[in-house]
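With mmCIF, C-alpha atoms inside, this is target.cif:
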```cif
data_work
loop_
_atom_site.label_atom_id
_atom_site.label_comp_id
_atom_site.auth_asym_id
_atom_site.auth_seq_id
_atom_site.Cartn_x
_atom_site.Cartn_y
_atom_site.Cartn_z
CA MET N 1 -49.56 23.89 -29.37
CA VAL N 2 -47.11 24.72 -32.20
CA ARG N 3 -47.05 28.40 -31.26
CA ARG N 4 -46.51 27.56 -27.59
CA THR N 5 -43.62 25.25 -28.49
CA ARG N 6 -41.99 27.92 -30.66
CA ALA N 7 -42.35 30.47 -27.86
CA LEU N 8 -40.73 28.14 -25.37
CA VAL N 9 -37.84 27.45 -27.75
CA ALA N 10 -37.33 31.16 -28.32
CA LEU N 11 -37.32 31.89 -24.60
CA THR N 12 -34.85 29.06 -23.96
CA LEU N 13 -32.46 30.35 -26.63
CA LEU N 14 -32.72 33.90 -25.30
CA ALA N 15 -32.02 32.76 -21.73
CA SER N 16 -29.02 30.75 -22.91
CA ALA N 17 -27.63 33.71 -24.82
CA LEU N 18 -28.05 36.04 -21.86
CA ALA N 19 -26.41 33.55 -19.50
CA ALA N 20 -23.51 33.07 -21.88
CA CYS N 21 -22.68 36.74 -22.22
CA GLY N 22 -23.78 38.07 -18.79
CA ASP N 23 -20.65 39.11 -16.91
CA GLU N 24 -18.42 39.11 -19.98
CA ASP N 25 -20.59 41.80 -21.61
CA SER N 26 -20.50 43.88 -18.43
CA GLY N 27 -16.70 43.87 -18.57
CA ARG N 28 -16.30 41.48 -15.64
CA PRO N 29 -14.88 38.14 -16.82
CA THR N 30 -16.05 34.88 -15.33
CA LEU N 31 -13.30 32.52 -14.21
CA ASP N 32 -14.44 28.91 -14.39
CA TRP N 33 -13.02 26.82 -11.56
CA TYR N 34 -13.24 23.06 -12.15
CA ASN N 35 -12.80 21.00 -9.01
CA PHE N 36 -14.04 17.93 -7.16
CA PRO N 37 -17.68 18.01 -6.00
CA ASP N 38 -17.80 19.35 -2.45
CA ASP N 39 -20.92 18.67 -0.40
CA SER N 40 -19.89 20.80 2.58
CA GLY N 41 -20.29 24.13 0.80
CA ALA N 42 -16.70 25.16 1.58
CA LEU N 43 -15.63 25.44 -2.07
CA GLN N 44 -18.67 27.46 -3.10
CA ARG N 45 -18.10 29.75 -0.14
CA ALA N 46 -14.49 30.27 -1.23
CA ALA N 47 -15.65 31.14 -4.76
CA ASP N 48 -18.16 33.64 -3.37
CA ARG N 49 -15.64 35.24 -1.02
CA CYS N 50 -13.02 35.67 -3.73
CA THR N 51 -15.58 37.04 -6.18
CA GLU N 52 -16.49 39.69 -3.62
CA ALA N 53 -12.85 40.36 -2.74
CA SER N 54 -12.03 41.01 -6.41
CA GLY N 55 -13.86 44.30 -6.24
CA GLY N 56 -15.81 43.58 -9.40
CA ARG N 57 -12.77 42.62 -11.52
CA TYR N 58 -13.89 38.99 -11.93
CA ARG N 59 -16.42 36.41 -10.86
CA ILE N 60 -15.51 32.81 -9.97
CA SER N 61 -17.88 30.09 -11.11
CA TYR N 62 -17.37 26.78 -9.27
CA ARG N 63 -17.88 23.91 -11.75
CA LYS N 64 -18.14 20.43 -10.27
CA LEU N 65 -16.20 17.58 -11.83
CA PRO N 66 -17.32 13.92 -11.52
CA ARG N 67 -17.04 12.32 -8.08
CA GLY N 68 -14.41 9.73 -8.93
CA ALA N 69 -10.79 10.75 -9.49
CA ASP N 70 -10.64 8.81 -12.78
CA GLY N 71 -13.69 10.63 -14.10
CA GLN N 72 -12.27 13.99 -13.02
CA ARG N 73 -8.98 13.38 -14.79
CA GLN N 74 -10.68 12.06 -17.92
CA GLN N 75 -12.84 15.17 -18.29
CA LEU N 76 -9.91 17.53 -17.74
CA VAL N 77 -7.61 15.64 -20.13
CA ARG N 78 -10.15 15.56 -22.95
CA ARG N 79 -11.00 19.24 -22.69
CA LEU N 80 -7.42 20.42 -22.26
CA ALA N 81 -6.26 18.30 -25.19
CA ALA N 82 -8.97 20.01 -27.26
CA GLU N 83 -7.61 23.42 -26.12
CA ASP N 84 -10.87 24.33 -24.42
CA ASP N 85 -10.50 28.00 -23.40
CA SER N 86 -13.51 27.97 -21.08
CA MET N 87 -11.42 26.40 -18.29
CA ASP N 88 -9.42 28.76 -16.10
CA ILE N 89 -8.60 27.25 -12.70
CA LEU N 90 -8.19 23.48 -12.43
CA GLY N 91 -8.42 21.31 -9.34
CA LEU N 92 -5.76 18.62 -9.75
CA ASP N 93 -5.11 15.48 -7.77
CA VAL N 94 -1.56 15.44 -6.37
CA THR N 95 -0.52 12.86 -8.98
CA TRP N 96 -1.47 14.89 -12.08
CA ALA N 97 0.84 17.93 -12.01
CA ALA N 98 3.77 16.23 -13.78
CA GLU N 99 1.57 14.76 -16.51
CA PHE N 100 -0.31 18.03 -17.16
CA ALA N 101 2.90 20.08 -17.07
CA GLU N 102 4.68 17.77 -19.51
CA ALA N 103 1.68 17.99 -21.86
CA ARG N 104 1.81 21.82 -21.55
CA TRP N 105 -1.77 22.01 -20.36
CA ILE N 106 -1.02 24.13 -17.27
CA ARG N 107 1.05 27.25 -16.71
CA GLU N 108 4.16 27.54 -14.57
CA TRP N 109 4.01 29.67 -11.42
CA THR N 110 6.78 32.27 -11.51
CA GLY N 111 7.84 35.55 -9.93
CA GLU N 112 5.54 37.10 -7.36
CA THR N 113 2.78 34.51 -7.81
CA LYS N 114 5.26 31.72 -7.06
CA ARG N 115 6.55 33.56 -3.99
CA ARG N 116 3.02 33.96 -2.66
CA ALA N 117 2.15 30.35 -3.49
CA THR N 118 5.13 28.92 -1.62
CA GLU N 119 5.27 31.31 1.34
CA GLY N 120 4.23 29.46 4.49
CA THR N 121 3.25 26.33 2.54
CA LEU N 122 4.26 22.89 3.78
CA ARG N 123 7.30 21.55 1.95
CA VAL N 124 6.12 18.03 1.08
CA PRO N 125 2.81 19.10 -0.52
CA LEU N 126 4.82 21.61 -2.58
CA ARG N 127 6.91 18.75 -3.95
CA THR N 128 3.77 17.15 -5.38
CA ALA N 129 3.04 20.36 -7.29
CA THR N 130 6.54 20.56 -8.77
CA TRP N 131 7.92 19.05 -11.97
CA LYS N 132 11.53 19.40 -13.14
CA ASP N 133 12.16 21.94 -10.37
CA ARG N 134 9.33 24.17 -11.60
CA LEU N 135 6.11 24.93 -9.74
CA TYR N 136 2.99 24.15 -11.78
CA ALA N 137 0.26 24.32 -9.13
CA VAL N 138 -0.46 25.66 -5.67
CA PRO N 139 -1.39 23.16 -2.94
CA TYR N 140 -5.00 23.77 -1.90
CA ASN N 141 -5.37 21.02 0.69
CA THR N 142 -3.52 17.90 1.74
CA ASN N 143 -4.07 14.62 3.57
CA THR N 144 -2.21 11.82 5.29
CA GLN N 145 -2.93 8.60 7.13
CA LEU N 146 -2.59 7.91 10.83
CA LEU N 147 -2.90 4.73 12.87
CA TRP N 148 -6.33 4.58 14.53
CA TYR N 149 -6.87 2.05 17.30
CA ARG N 150 -9.15 1.00 20.15
CA LYS N 151 -7.66 1.90 23.50
CA ASP N 152 -9.91 -0.59 25.32
CA LEU N 153 -8.11 -3.34 23.37
CA VAL N 154 -4.67 -1.78 22.99
CA PRO N 155 -3.60 0.39 25.95
CA THR N 156 -0.34 1.40 24.21
CA PRO N 157 -0.30 1.74 20.40
CA PRO N 158 2.32 -0.17 18.40
CA ARG N 159 5.31 1.73 17.03
CA THR N 160 6.16 -0.73 14.24
CA TRP N 161 4.38 -3.06 11.83
CA SER N 162 5.91 -6.03 13.61
CA GLU N 163 4.51 -4.89 16.96
CA MET N 164 1.08 -4.29 15.46
CA LEU N 165 0.86 -7.74 13.89
CA ASN N 166 1.98 -9.36 17.13
CA MET N 167 -0.68 -7.42 19.04
CA ALA N 168 -3.32 -8.49 16.52
CA ARG N 169 -2.31 -12.14 16.89
CA GLY N 170 -2.53 -11.84 20.67
CA LEU N 171 -6.01 -10.34 20.51
CA ALA N 172 -7.09 -13.07 18.10
CA ARG N 173 -5.97 -15.77 20.56
CA GLN N 174 -8.12 -14.11 23.22
CA GLY N 175 -11.14 -14.07 20.91
CA LYS N 176 -11.22 -10.26 20.83
CA PRO N 177 -11.58 -7.89 17.84
CA HIS N 178 -8.18 -7.94 16.16
CA TYR N 179 -8.29 -6.98 12.46
CA VAL N 180 -5.93 -4.39 10.95
CA GLU N 181 -8.06 -2.45 8.47
CA ILE N 182 -6.15 -1.17 5.43
CA GLN N 183 -6.71 -0.64 1.71
CA GLY N 184 -6.09 -3.96 -0.06
CA ALA N 185 -8.26 -3.67 -3.17
CA GLN N 186 -6.72 -3.44 -6.63
CA TYR N 187 -6.73 0.37 -6.95
CA GLU N 188 -4.78 3.48 -6.04
CA GLY N 189 -5.00 2.79 -2.30
CA LEU N 190 -2.90 -0.35 -2.70
CA THR N 191 -0.23 1.70 -4.48
CA VAL N 192 -0.27 4.22 -1.63
CA TRP N 193 0.22 1.43 0.94
CA PHE N 194 3.21 0.07 -0.98
CA ASN N 195 4.70 3.53 -1.56
CA THR N 196 4.46 4.36 2.15
CA LEU N 197 6.18 1.13 3.17
CA VAL N 198 8.94 1.48 0.55
CA ASN N 199 9.74 5.03 1.66
CA SER N 200 9.46 4.08 5.34
CA ALA N 201 12.06 1.36 4.69
CA GLY N 202 14.46 3.98 3.33
CA GLY N 203 13.82 3.46 -0.38
CA SER N 204 11.80 4.88 -3.25
CA ILE N 205 9.89 3.55 -6.23
CA LEU N 206 11.72 5.75 -8.77
CA ASP N 207 15.22 7.23 -8.85
CA PRO N 208 15.56 10.99 -8.08
CA GLY N 209 15.34 11.93 -11.75
CA ALA N 210 12.23 9.76 -12.32
CA THR N 211 14.04 8.08 -15.21
CA GLU N 212 14.08 4.49 -13.94
CA PRO N 213 12.78 2.32 -11.09
CA SER N 214 14.70 2.27 -7.82
CA LEU N 215 12.90 -0.31 -5.61
CA GLY N 216 15.55 -2.81 -4.39
CA PRO N 217 15.61 -4.29 -0.86
CA PRO N 218 13.26 -1.64 0.64
CA ALA N 219 10.59 -2.64 -1.89
CA VAL N 220 11.07 -6.33 -1.08
CA ARG N 221 10.61 -5.53 2.61
CA ALA N 222 7.46 -3.55 1.80
CA ALA N 223 5.97 -6.39 -0.25
CA THR N 224 6.87 -8.85 2.52
CA ILE N 225 5.02 -6.81 5.15
CA MET N 226 1.94 -6.67 2.91
CA ARG N 227 2.01 -10.44 2.39
CA ASP N 228 2.63 -11.12 6.08
CA LEU N 229 -0.40 -9.07 7.08
CA ALA N 230 -2.59 -10.73 4.45
CA GLY N 231 -1.59 -14.19 5.67
CA SER N 232 -2.06 -13.48 9.38
CA PRO N 233 -5.09 -13.37 11.71
CA ALA N 234 -4.82 -9.57 11.46
CA ALA N 235 -6.22 -9.62 7.91
CA ASP N 236 -9.88 -8.82 7.46
CA PRO N 237 -11.38 -11.51 5.17
CA SER N 238 -12.49 -8.65 2.90
CA LEU N 239 -8.95 -7.22 2.59
CA PRO N 240 -8.62 -7.88 -1.19
CA ASN N 241 -11.76 -5.79 -1.81
CA GLN N 242 -11.39 -3.06 0.77
CA MET N 243 -11.01 0.66 0.19
CA GLU N 244 -10.97 3.52 2.69
CA ASP N 245 -14.71 3.57 3.31
CA GLN N 246 -14.96 -0.19 3.81
CA ASN N 247 -12.13 0.12 6.37
CA ARG N 248 -14.07 2.84 8.17
CA LEU N 249 -17.25 0.78 8.30
CA ALA N 250 -15.42 -2.32 9.55
CA MET N 251 -13.82 -0.34 12.37
CA GLU N 252 -17.15 1.20 13.31
CA SER N 253 -18.79 -2.25 13.36
CA GLY N 254 -16.44 -3.34 16.15
CA VAL N 255 -14.52 -6.17 14.42
CA ALA N 256 -11.16 -4.37 14.21
CA ALA N 257 -8.53 -3.20 16.65
CA PHE N 258 -6.47 -1.09 14.21
CA GLU N 259 -7.10 1.02 11.12
CA LEU N 260 -4.72 2.83 8.76
CA ASN N 261 -6.77 5.64 7.31
CA TYR N 262 -7.35 9.36 6.82
CA PRO N 263 -8.77 11.74 9.47
CA PHE N 264 -12.31 11.55 8.06
CA VAL N 265 -12.77 8.41 10.15
CA TYR N 266 -12.74 10.43 13.39
CA PRO N 267 -15.97 12.45 12.94
CA SER N 268 -17.57 9.42 11.33
CA MET N 269 -16.90 7.21 14.35
CA LYS N 270 -18.15 9.97 16.63
CA ALA N 271 -21.45 10.19 14.74
CA ASN N 272 -22.00 6.52 13.95
CA ASN N 273 -20.81 4.66 17.05
CA PRO N 274 -20.56 6.89 20.15
CA ARG N 275 -19.95 3.84 22.34
CA LEU N 276 -16.77 2.85 20.47
CA PHE N 277 -15.81 6.49 19.96
CA ARG N 278 -14.99 6.69 23.67
CA HIS N 279 -12.13 4.27 23.02
CA PHE N 280 -11.12 5.56 19.57
CA ARG N 281 -7.55 6.88 19.56
CA TRP N 282 -4.83 7.82 17.08
CA ALA N 283 -1.06 7.43 16.81
CA PRO N 284 1.69 7.94 14.20
CA TYR N 285 1.74 5.59 11.23
CA PRO N 286 3.65 2.39 12.17
CA ARG N 287 7.34 2.24 11.31
CA VAL N 288 9.04 -0.43 9.25
CA ASP N 289 12.21 -0.09 11.34
CA ALA N 290 12.04 1.00 14.99
CA GLY N 291 14.84 3.53 14.45
CA ARG N 292 13.44 5.12 11.29
CA PRO N 293 10.28 7.31 11.26
CA ALA N 294 7.47 6.22 8.97
CA ARG N 295 6.90 8.29 5.83
CA PRO N 296 3.19 8.07 5.03
CA THR N 297 2.19 9.12 1.52
CA VAL N 298 0.60 12.57 1.29
CA GLY N 299 -2.52 13.23 -0.72
CA GLY N 300 -4.53 16.32 -1.51
CA ASN N 301 -5.69 18.71 -4.19
CA HIS N 302 -3.90 21.45 -6.13
CA LEU N 303 -5.03 24.51 -8.05
CA ALA N 304 -3.47 25.07 -11.47
CA VAL N 305 -4.06 27.62 -14.22
CA SER N 306 -5.01 26.28 -17.62
CA ALA N 307 -2.63 27.01 -20.48
CA HIS N 308 -5.71 27.90 -22.57
CA SER N 309 -7.32 30.33 -20.11
CA ARG N 310 -8.27 33.67 -21.67
CA HIS N 311 -7.57 35.40 -18.33
CA PRO N 312 -4.40 33.80 -16.93
CA ASP N 313 -3.30 36.74 -14.76
CA LEU N 314 -6.68 36.92 -13.06
CA ALA N 315 -6.75 33.13 -12.73
CA PHE N 316 -3.44 33.11 -10.85
CA GLU N 317 -4.73 35.85 -8.54
CA ALA N 318 -8.02 34.03 -7.97
CA ALA N 319 -6.29 30.71 -7.26
CA LEU N 320 -4.21 32.37 -4.54
CA CYS N 321 -7.37 33.79 -3.02
CA LEU N 322 -9.19 30.44 -3.14
CA ARG N 323 -6.46 28.80 -1.06
CA ASN N 324 -5.83 31.66 1.36
CA ARG N 325 -5.88 31.27 5.13
CA GLU N 326 -9.61 31.90 5.58
CA ASN N 327 -10.69 29.54 2.83
CA GLN N 328 -8.32 26.76 3.85
CA LEU N 329 -9.57 27.00 7.42
CA THR N 330 -13.17 26.73 6.23
CA ALA N 331 -12.29 23.72 4.06
CA ALA N 332 -10.63 22.08 7.05
CA LEU N 333 -13.43 22.74 9.53
CA GLU N 334 -16.39 22.12 7.24
CA GLY N 335 -14.96 19.92 4.50
CA GLY N 336 -12.53 17.80 6.55
CA LEU N 337 -9.54 18.69 4.35
CA PRO N 338 -6.26 19.37 6.21
CA PRO N 339 -4.63 22.65 5.17
CA THR N 340 -1.31 23.18 3.40
CA LEU N 341 -0.50 26.44 5.22
CA ARG N 342 1.74 25.67 8.20
CA ALA N 343 0.36 28.51 10.36
CA LEU N 344 -3.14 27.00 10.42
CA TYR N 345 -1.88 24.08 12.51
CA ASP N 346 -1.51 26.56 15.38
CA GLU N 347 -5.00 27.99 14.87
CA PRO N 348 -7.14 27.31 17.99
CA ALA N 349 -10.27 26.51 15.98
CA PHE N 350 -8.36 24.00 13.87
CA ARG N 351 -6.69 22.34 16.86
CA GLU N 352 -10.06 22.00 18.58
CA ALA N 353 -11.65 20.34 15.53
CA TYR N 354 -8.53 18.23 14.90
CA PRO N 355 -7.32 16.99 18.31
CA PHE N 356 -4.83 14.92 16.30
CA SER N 357 -3.45 18.01 14.49
CA GLU N 358 0.08 17.53 15.87
CA GLU N 359 0.25 13.98 14.55
CA VAL N 360 -1.12 15.07 11.16
CA LEU N 361 1.44 17.86 10.90
CA ALA N 362 4.31 15.55 11.89
CA ALA N 363 3.19 13.02 9.28
CA LEU N 364 3.00 15.71 6.60
CA GLU N 365 6.42 17.14 7.43
CA SER N 366 8.10 13.73 7.24
CA GLY N 367 5.81 12.31 4.56
CA SER N 368 6.58 10.85 1.16
CA VAL N 369 5.12 11.61 -2.26
CA ARG N 370 3.91 9.23 -4.92
CA PRO N 371 6.30 8.77 -7.85
CA LEU N 372 6.61 12.11 -9.63
CA THR N 373 6.30 11.23 -13.31
CA PRO N 374 3.96 11.99 -16.23
CA ALA N 375 3.49 8.22 -16.45
CA TYR N 376 2.15 7.96 -12.91
CA GLN N 377 -1.19 6.44 -13.96
CA ASN N 378 0.67 3.57 -15.62
CA VAL N 379 3.05 3.18 -12.67
CA SER N 380 0.14 2.97 -10.23
CA ILE N 381 -1.69 0.39 -12.33
CA VAL N 382 1.46 -1.74 -12.55
CA ILE N 383 1.88 -1.73 -8.77
CA SER N 384 -1.74 -2.34 -7.81
CA HIS N 385 -2.18 -5.17 -10.34
CA THR N 386 1.06 -6.91 -9.36
CA LEU N 387 0.37 -6.75 -5.62
CA SER N 388 -3.24 -7.89 -5.80
CA PRO N 389 -4.34 -9.85 -3.90
CA PRO N 390 -1.86 -9.17 -1.08
CA SER N 391 -2.05 -12.77 0.15
CA ALA N 392 -0.56 -14.03 -3.14
CA ILE N 393 2.46 -11.72 -3.14
CA GLN N 394 5.82 -13.37 -3.76
CA PRO N 395 7.99 -10.43 -2.64
CA GLU N 396 11.14 -10.78 -4.77
CA LYS N 397 9.25 -11.91 -7.86
CA ALA N 398 6.63 -9.18 -7.47
CA VAL N 399 9.25 -6.44 -7.08
CA GLY N 400 11.06 -7.73 -10.17
CA THR N 401 7.84 -7.61 -12.19
CA ILE N 402 7.04 -4.12 -10.94
CA GLY N 403 10.52 -2.90 -11.90
CA GLU N 404 10.33 -4.33 -15.41
CA GLN N 405 6.87 -2.94 -16.09
CA ILE N 406 7.63 0.48 -14.62
CA ASP N 407 10.70 0.68 -16.85
CA GLU N 408 8.47 0.01 -19.86
CA ALA N 409 5.95 2.62 -18.67
CA LEU N 410 8.66 5.27 -18.27
CA ARG N 411 9.96 4.64 -21.78
CA SER N 412 6.53 4.90 -23.41
CA GLU N 413 5.51 8.14 -25.07
CA GLY N 414 2.38 10.23 -24.80
CA VAL N 415 -0.22 10.53 -22.05
CA ILE N 416 -2.65 7.92 -20.89
CA PRO N 417 -6.14 8.16 -22.40
#
```
Turn this file's structure into structure tokens for me.
Amino acid sequence: MVRRTRALVALTLLASALAACGDEDSGRPTLDWYNFPDDSGALQRAADRCTEASGGRYRISYRKLPRGADGQRQQLVRRLAAEDDSMDILGLDVTWAAEFAEARWIREWTGETKRRATEGTLRVPLRTATWKDRLYAVPYNTNTQLLWYRKDLVPTPPRTWSEMLNMARGLARQGKPHYVEIQGAQYEGLTVWFNTLVNSAGGSILDPGATEPSLGPPAVRAATIMRDLAGSPAADPSLPNQMEDQNRLAMESGVAAFELNYPFVYPSMKANNPRLFRHFRWAPYPRVDAGRPARPTVGGNHLAVSAHSRHPDLAFEAALCLRNRENQLTAALEGGLPPTLRALYDEPAFREAYPFSEEVLAALESGSVRPLTPAYQNVSIVISHTLSPPSAIQPEKAVGTIGEQIDEALRSEGVIP
């Protein structure tokens, strides 16, 4: 038994050593790509394609981060702060670029790599990858919300929030499904809702230099709309606890007439409730003012190069390959992630899979970004805590509290643990 145990230990150590040196010893470096866990296979396929396309100069190893955004950020922050040189390409949420750039954890994109990263890329997603007028990541995919509705209940979709709430009240009086499903839980989704309304009302949460809160009357209007929904028949009783997936399930169950959500709800409705799917339609995000287009908040994922990578030049090259036309199209068709390359919105295969592609593109081109600041995590927490639950919002008081606490967050030093 002792000899067998020793043999197993020896074999394990030998296998570990061989795995550790494998490609490096053969002269072909391995580039470790840390990104969100993808169940569709699109990210692994991109890694395999780019490994083959390198002609033997490098191999890309796709390393899966935790499922939740908080867990992803926590792992990256801890390892980058420790100057871990085993990380090469980093998948970043759209809110992390400023924080990571300010901490000097990621490299700036310059020269030819910057030209290739920006060429043909949608303007608004590029803003989320920029800090102090410098590009620190390349947009890999993006996302935006649309208004989803039941055409059997609402023949013509509402153009404004006021119209939508009035329609919901009318349906409620008739005893028909009437809820407006939206993210009301105390988390990032609540911040996104507020940010979209503030920008749609012509304002912003921070000033252009991200040095102090802006807010003002547009923020009061945004908070008022949130409170009005929460206090009306349009509010799902579960609103204070709802996130995107709970909204999807409520719409599929047949209790709602409207839903503000991402395109993933379309294939889900098709698979889970074919009867309702026949009536499932989409429209632009509702406006705050009839004469001013809505500016829904864009989401997505970026690729950045670690400041501690031992192969930065190859990492930049590989990142460009990972987000090229072919790989973005695969991610869109198989992973449900809208692309950041403008030309793909004219691709027949994409338009067939996304019959709402024109509305998505319009929303992205007029969209807004979350506050660009290294203190974004604090800013988001301030907003979501102050506005939760939506039914208890006192608009002017809430906006005043948000402004005071954001000012404190912006003046604090260091990064959030």
Selected residue, from N:Phe258, N:Trp148, N:Tyr376, N:Phe316, that lies nearest to Glu112 in chain N when counting all atoms listed in the file: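 With all atoms listed in the file as the atom set, the closest residue is N:Phe316.
Within the file as shown, the PyMOL selection byres ((chain N and resi 171) around 12) identifies Arg150, Asp152, Leu153, Val154, Met164, Leu165, Asn166, Met167, Ala168, Arg169, Gly170, Ala172, Arg173, Gln174, Gly175, Lys176, Pro177, His178, Tyr179, Val180, Pro233, Ala234, Val255, Ala256, Ala257 and Phe258 of chain N.
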Could you write out that same residue set with C-alpha atoms as a PDB file, in the frame of the given file?
```
ATOM      1  CA  ARG N 150      -9.150   1.000  20.150  1.00  0.00           C
ATOM      2  CA  ASP N 152      -9.910  -0.590  25.320  1.00  0.00           C
ATOM      3  CA  LEU N 153      -8.110  -3.340  23.370  1.00  0.00           C
ATOM      4  CA  VAL N 154      -4.670  -1.780  22.990  1.00  0.00           C
ATOM      5  CA  MET N 164       1.080  -4.290  15.460  1.00  0.00           C
ATOM      6  CA  LEU N 165       0.860  -7.740  13.890  1.00  0.00           C
ATOM      7  CA  ASN N 166       1.980  -9.360  17.130  1.00  0.00           C
ATOM      8  CA  MET N 167      -0.680  -7.420  19.040  1.00  0.00           C
ATOM      9  CA  ALA N 168      -3.320  -8.490  16.520  1.00  0.00           C
ATOM     10  CA  ARG N 169      -2.310 -12.140  16.890  1.00  0.00           C
ATOM     11  CA  GLY N 170      -2.530 -11.840  20.670  1.00  0.00           C
ATOM     12  CA  ALA N 172      -7.090 -13.070  18.100  1.00  0.00           C
ATOM     13  CA  ARG N 173      -5.970 -15.770  20.560  1.00  0.00           C
ATOM     14  CA  GLN N 174      -8.120 -14.110  23.220  1.00  0.00           C
ATOM     15  CA  GLY N 175     -11.140 -14.070  20.910  1.00  0.00           C
ATOM     16  CA  LYS N 176     -11.220 -10.260  20.830  1.00  0.00           C
ATOM     17  CA  PRO N 177     -11.580  -7.890  17.840  1.00  0.00           C
ATOM     18  CA  HIS N 178      -8.180  -7.940  16.160  1.00  0.00           C
ATOM     19  CA  TYR N 179      -8.290  -6.980  12.460  1.00  0.00           C
ATOM     20  CA  VAL N 180      -5.930  -4.390  10.950  1.00  0.00           C
ATOM     21  CA  PRO N 233      -5.090 -13.370  11.710  1.00  0.00           C
ATOM     22  CA  ALA N 234      -4.820  -9.570  11.460  1.00  0.00           C
ATOM     23  CA  VAL N 255     -14.520  -6.170  14.420  1.00  0.00           C
ATOM     24  CA  ALA N 256     -11.160  -4.370  14.210  1.00  0.00           C
ATOM     25  CA  ALA N 257      -8.530  -3.200  16.650  1.00  0.00           C
ATOM     26  CA  PHE N 258      -6.470  -1.090  14.210  1.00  0.00           C
TER      27      PHE N 258
END
```
Between CA of Glu358 in chain N and CA of Ala250 in chain N - distance in Å to one decimal: 26.0 Å
Decode the PyMOL selection byres ((chain N and resi 122-127) around 10) for the given file into explicit residues and return them as an MDAnalysis selection string. chainID N and resid 94 117:121 128:131 133:143 297:302 339:343 361 364:369 372
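Comparing the minimum interatomic distances between Ser204 in chain N and each of N:His308, N:Leu249, N:Arg370, N:Leu322, counting all atoms listed in the file, we find that N:Arg370 sits nearest.
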Using all atoms listed in the file, which protein or nucleic acid residues come within 6 Å of range 34-40 of chain N? Drop anything in the same chain fewer than 6 positions from it, and give the result as a ChimeraX atom specification. /N:63-65,90-91,334-335
Selected residues, C-alpha atoms, written as a CSV table (one decimal), in the coordinates of the input, please.
```
chain,number,residue,atom,x,y,z
N,63,ARG,CA,-17.9,23.9,-11.8
N,64,LYS,CA,-18.1,20.4,-10.3
N,65,LEU,CA,-16.2,17.6,-11.8
N,90,LEU,CA,-8.2,23.5,-12.4
N,91,GLY,CA,-8.4,21.3,-9.3
N,334,GLU,CA,-16.4,22.1,7.2
N,335,GLY,CA,-15.0,19.9,4.5
```
